[in-house]
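All remarks here apply to the structure that follows.
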Amino acid sequence: MSLDPTPPRSDDGRLLWSRSEELTGFEALMWRVEADPRMRSTVVLVETLDREPDWDRFVAATDWASRVVPRFRERIVTPFLGAGTPHWALDPDFDLHYHLRRLRLPDGAGTPGLFTLAEQIAMTPLDSSRPLWEATIVGGLPDGGAALVFKLSHVLSDGMGLAQLLAGLHSRTRESMTDKPQPPPPSGPPATLSHEVVRQVRSDLGLVGGAGKSLLGAAASLVRPDRAVRDAVAYVVSARRVLSPPPAPPLPVLAHRSPSWRFRTLDVPFAELRAAGKSVGGSVNDAYVAGLLGAFRRYSERRGEPLPPDRLMPVTLPVSIRREEHEPGGNHFAPARLSAPVGIVDPAARVVDVRRRMKIALGEPALESVEIVSAWLARLPGAVVAGFGGGATKSNDLQASNIPGLRDDAFLAGAKIVRSYPFAPLPGCAAMIAMVTHGDTCCVAANLDAASFTDLEGFTHDLADGFAEVLAMGRAHD
């Protein structure tokens, strides 16, 4: 779970991260689907710090970051008359003062108060007329600690891209660095009607060209018509599986949905989680998913819904489909859909079965078909897109993500980053649980629908117990 290399820099010192003016089809789809407030794609990263950062240094560092990564000064522009696809453009009225905030927790609020604040920040919509991020320094944590609550739209980047960004921006020393490149503020021509028309034509030709390449590839395969027909049928069947919810029925105990988010966290030793997976021939990710499933089984049983051993539940895991030609940043992932073995009590058997099912999901020939389909869907009206997106995700009980993180010490304006919790959005599912490795610790961040989980404290204990039974496998194997 090591982090990808830091994004390269251009000659002017800027990071080569998310430089394209165009939203991908999937990003445009995420943007349009927010016509339904319950489908907002807000991400909140909470980094706990060993002390409160120097405010002036933090402001200067954020200004520097917005020059090194111009995307921080860009907003999404809706085309004239609503026709065509949205795209990125520099905000002519960019105001750093708007994006940076400073708060202090009341005495005695402690770490629970921090995450209550983070929930409220996450549920407050971003201003779509400005760059899609906000950063809040929170003071008043125990022992002089503090936190950064960094809020952004998922349209900016997926988890892997965000990890690449932080690798390029976080300092490796507590002291201020004086030799950093200092590019000027980004600049560009103002948007005009002619520029918009040219941009949209170029975008549409690119989409048609991509479809044409696919058709040419299909035509070339007709040298062997028997194989071409077989492969085409297999691809269509695979695409249907990839684009449809998992066939497993949702858990009745999680049936209700709302726009209210609740955050819970858990720290898991990375070495122990890796050892647990390895003890039965699995990976860190297999052990992670098995731990989550154990928590859901326990929660369902405590709420009066015991599960038979063969009970499955619908789970989706975003998997990276980044290729060498993709620039760092942006969104390049596909859904691996599982009917996951929530009813298996034995953690070892559960890890083995998760691994088997993940191999099948990752081997789908049409795994990347979501990028093809979303490019066309993104051109539909927002309400239609929201209906489609909601229908594809609301039957999910769980979306789970495993993101590589920083393994070395990192600092923010003189403060050391102690933990890093990535709270990803709830796109209609009952729970979105993400894990990022920070140093030797796996930081598990659970975003839970308050209507789905009526016993939040009970699930917090279930989550700890679900991982404890998986970690015990590794200890027993030593």
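Residue numbering restarts at 1 for every chain of the structure tokens, chains are lettered A, B, ... in their displayed order, and ligands are numbered from 1 as they appear.
Residues lying within 8 Å of stretch 342-354 of chain A, counting only C-alpha atoms and ignoring same-chain neighbours fewer than 2 positions away, are Gly277, Val280, Gly281, Gly282, Asp286, Ala287, Val289, Ala290, Gly291, Leu293, Gly294, Phe296, Arg297, Leu307, Pro308, Pro309, Asp310, Arg311, Leu312, Met313, Ala340, Arg356, Arg357, Met358, Glu469, Val470 and Met473 of chain A.
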Per DSSP on the backbone, what are the strand (DSSP E) residues of stretch 313-457 of chain A, as number ranges by chain? A: 313-320, 333-340, 398-403, 411-412, 415-423, 431-438, 441-449
I need the chosen residues saved as a compact mmCIF listing (two decimals), in the first residue's frame, with N, CA and C atoms.
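Resulting contents of out16.txt:
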# COMPACT_ATOMS: atom_id res chain seq x y z
N MET A 313 -24.51 -9.73 1.05
CA MET A 313 -24.98 -8.35 1.04
C MET A 313 -24.32 -7.59 -0.11
N PRO A 314 -25.00 -6.57 -0.65
CA PRO A 314 -24.46 -5.82 -1.79
C PRO A 314 -23.37 -4.83 -1.34
N VAL A 315 -22.19 -4.97 -1.93
CA VAL A 315 -21.03 -4.14 -1.62
C VAL A 315 -20.38 -3.68 -2.91
N THR A 316 -19.95 -2.43 -2.96
CA THR A 316 -19.20 -1.93 -4.11
C THR A 316 -17.87 -1.37 -3.63
N LEU A 317 -16.80 -1.74 -4.33
CA LEU A 317 -15.46 -1.23 -4.01
C LEU A 317 -14.90 -0.51 -5.23
N PRO A 318 -14.64 0.80 -5.12
CA PRO A 318 -13.98 1.49 -6.23
C PRO A 318 -12.55 0.95 -6.41
N VAL A 319 -12.19 0.60 -7.63
CA VAL A 319 -10.84 0.11 -7.91
C VAL A 319 -10.21 1.02 -8.97
N SER A 320 -8.94 1.28 -8.80
CA SER A 320 -8.24 2.18 -9.73
C SER A 320 -8.09 1.55 -11.10
N PHE A 333 -11.50 5.49 -11.76
CA PHE A 333 -11.80 4.28 -11.01
C PHE A 333 -13.08 3.65 -11.57
N ALA A 334 -13.25 2.38 -11.26
CA ALA A 334 -14.42 1.63 -11.70
C ALA A 334 -14.99 0.88 -10.51
N PRO A 335 -16.29 0.56 -10.56
CA PRO A 335 -16.90 -0.14 -9.43
C PRO A 335 -16.71 -1.65 -9.53
N ALA A 336 -16.10 -2.24 -8.52
CA ALA A 336 -16.07 -3.70 -8.40
C ALA A 336 -17.24 -4.07 -7.51
N ARG A 337 -18.21 -4.75 -8.08
CA ARG A 337 -19.45 -5.03 -7.35
C ARG A 337 -19.43 -6.45 -6.82
N LEU A 338 -19.72 -6.59 -5.53
CA LEU A 338 -19.67 -7.89 -4.87
C LEU A 338 -21.00 -8.23 -4.22
N SER A 339 -21.37 -9.49 -4.31
CA SER A 339 -22.34 -10.06 -3.38
C SER A 339 -21.47 -10.65 -2.27
N ALA A 340 -21.30 -9.90 -1.20
CA ALA A 340 -20.26 -10.18 -0.21
C ALA A 340 -20.76 -11.11 0.89
N LEU A 398 -23.13 -1.05 1.37
CA LEU A 398 -21.79 -0.58 1.72
C LEU A 398 -20.98 -0.28 0.47
N GLN A 399 -20.32 0.85 0.47
CA GLN A 399 -19.22 1.12 -0.45
C GLN A 399 -17.96 1.25 0.39
N ALA A 400 -16.93 0.55 0.00
CA ALA A 400 -15.69 0.51 0.78
C ALA A 400 -14.51 0.85 -0.11
N SER A 401 -13.61 1.65 0.42
CA SER A 401 -12.46 2.10 -0.35
C SER A 401 -11.19 1.94 0.48
N ASN A 402 -10.11 1.54 -0.18
CA ASN A 402 -8.81 1.35 0.47
C ASN A 402 -7.80 2.21 -0.28
N ILE A 403 -7.28 3.23 0.37
CA ILE A 403 -6.46 4.25 -0.30
C ILE A 403 -5.04 4.23 0.26
N PHE A 411 4.09 17.21 7.68
CA PHE A 411 3.81 18.36 8.55
C PHE A 411 2.97 19.39 7.80
N LEU A 412 2.25 20.18 8.58
CA LEU A 412 1.41 21.25 8.04
C LEU A 412 1.67 22.51 8.84
N ALA A 415 3.05 21.90 12.24
CA ALA A 415 2.37 20.88 13.04
C ALA A 415 2.52 19.51 12.38
N LYS A 416 2.79 18.50 13.18
CA LYS A 416 2.93 17.14 12.66
C LYS A 416 1.55 16.51 12.48
N ILE A 417 1.37 15.84 11.34
CA ILE A 417 0.11 15.14 11.07
C ILE A 417 0.15 13.80 11.81
N VAL A 418 -0.79 13.61 12.72
CA VAL A 418 -0.82 12.41 13.56
C VAL A 418 -1.66 11.31 12.92
N ARG A 419 -2.85 11.65 12.45
CA ARG A 419 -3.75 10.70 11.79
C ARG A 419 -4.44 11.39 10.62
N SER A 420 -4.93 10.57 9.68
CA SER A 420 -5.58 11.11 8.49
C SER A 420 -6.81 10.25 8.19
N TYR A 421 -8.02 10.85 8.30
CA TYR A 421 -9.27 10.11 8.14
C TYR A 421 -10.03 10.64 6.92
N PRO A 422 -10.20 9.80 5.87
CA PRO A 422 -10.89 10.25 4.66
C PRO A 422 -12.37 9.86 4.66
N PHE A 423 -13.25 10.81 4.86
CA PHE A 423 -14.68 10.54 4.85
C PHE A 423 -15.21 10.81 3.44
N ALA A 431 -23.69 3.01 3.97
CA ALA A 431 -22.39 3.32 4.58
C ALA A 431 -21.34 3.44 3.50
N MET A 432 -20.48 4.44 3.67
CA MET A 432 -19.27 4.57 2.86
C MET A 432 -18.11 4.56 3.84
N ILE A 433 -17.29 3.51 3.77
CA ILE A 433 -16.19 3.36 4.72
C ILE A 433 -14.88 3.31 3.94
N ALA A 434 -13.98 4.23 4.26
CA ALA A 434 -12.71 4.34 3.56
C ALA A 434 -11.57 4.13 4.55
N MET A 435 -10.47 3.59 4.05
CA MET A 435 -9.29 3.37 4.89
C MET A 435 -8.07 3.92 4.17
N VAL A 436 -7.26 4.67 4.92
CA VAL A 436 -6.01 5.18 4.38
C VAL A 436 -4.89 4.82 5.36
N THR A 437 -3.75 4.41 4.82
CA THR A 437 -2.62 4.07 5.67
C THR A 437 -1.82 5.33 5.95
N HIS A 438 -1.64 5.63 7.23
CA HIS A 438 -0.85 6.79 7.64
C HIS A 438 0.24 6.27 8.58
N THR A 441 -0.29 2.97 10.72
CA THR A 441 -1.68 2.82 11.16
C THR A 441 -2.64 2.92 9.98
N CYS A 442 -3.61 2.02 9.94
CA CYS A 442 -4.70 2.12 8.98
C CYS A 442 -5.81 2.94 9.63
N CYS A 443 -6.08 4.11 9.07
CA CYS A 443 -7.12 5.00 9.60
C CYS A 443 -8.42 4.69 8.87
N VAL A 444 -9.36 4.10 9.59
CA VAL A 444 -10.66 3.72 9.02
C VAL A 444 -11.66 4.83 9.33
N ALA A 445 -12.29 5.36 8.28
CA ALA A 445 -13.23 6.47 8.41
C ALA A 445 -14.58 6.02 7.86
N ALA A 446 -15.57 5.91 8.74
CA ALA A 446 -16.90 5.45 8.35
C ALA A 446 -17.86 6.62 8.27
N ASN A 447 -18.45 6.81 7.09
CA ASN A 447 -19.52 7.78 6.90
C ASN A 447 -20.82 6.98 6.85
N LEU A 448 -21.68 7.19 7.82
CA LEU A 448 -22.86 6.36 8.02
C LEU A 448 -24.13 7.20 7.87
N ASP A 449 -25.12 6.66 7.17
CA ASP A 449 -26.41 7.32 7.06
C ASP A 449 -27.12 7.21 8.40
Would you return as a VMD selection string the members of stretch 22-212 of chain A that DSSP assigns to alpha helix (DSSP H) on this structure's backbone? chain A and resid 25 to 33 55 to 68 96 to 99 110 to 123 159 to 169 193 to 212
A:Tyr299, A:Trp17, A:Tyr98, A:Phe26: which is nearest A:Val69, counting only C-alpha atoms?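 Among the listed residues, the smallest separation from A:Val69 belongs to A:Trp17.
Shortest separation to A:Phe270 among A:Ala61, A:Leu471, A:Val77, A:Ala361 occurs at residue A:Leu471, atoms counted being only C-alpha atoms.
Summary of the local environment: counting only C-alpha atoms, residues at most 6 Å from stretch 87-92 of chain A, other than itself and those fewer than 6 positions away along its chain, are A:Glu21, A:Glu22, A:Leu23, A:Arg73, A:Glu74, A:Arg75, A:Ile76, A:Val77.
For the pair atom CA of A:Cys429 and atom CA of A:Asn396, the interatomic distance is 5.0 Å.
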Near A:Ser395, within 10 Å and counting only C-alpha atoms, which residues show up once chain neighbours fewer than 3 positions away are dropped, as a list in words? Pro245, Pro246, Pro247, Ala248, Pro249, Pro250, Leu251, Ala255, Met313, Pro314, Val315, Gly390, Gly391, Ala392, Leu398, Gly428, Cys429 and Ala430 of chain A
Nearby residues (only C-alpha atoms) at most 9 Å from A:Pro8, same-chain spacing under 5 positions excluded, as a ChimeraX atom specification: /A:14-17,168,328
Write out as JSON, numbers by chain the residues lying within 7 Å of A:Val155, counting only C-alpha atoms and excluding same-chain residues fewer than 5 positions away. {"A": [27, 30, 31]}
What does the distance between atom CA of A:Leu105 and atom CA of A:Trp133 come to in Å, to one decimal place? 21.5 Å
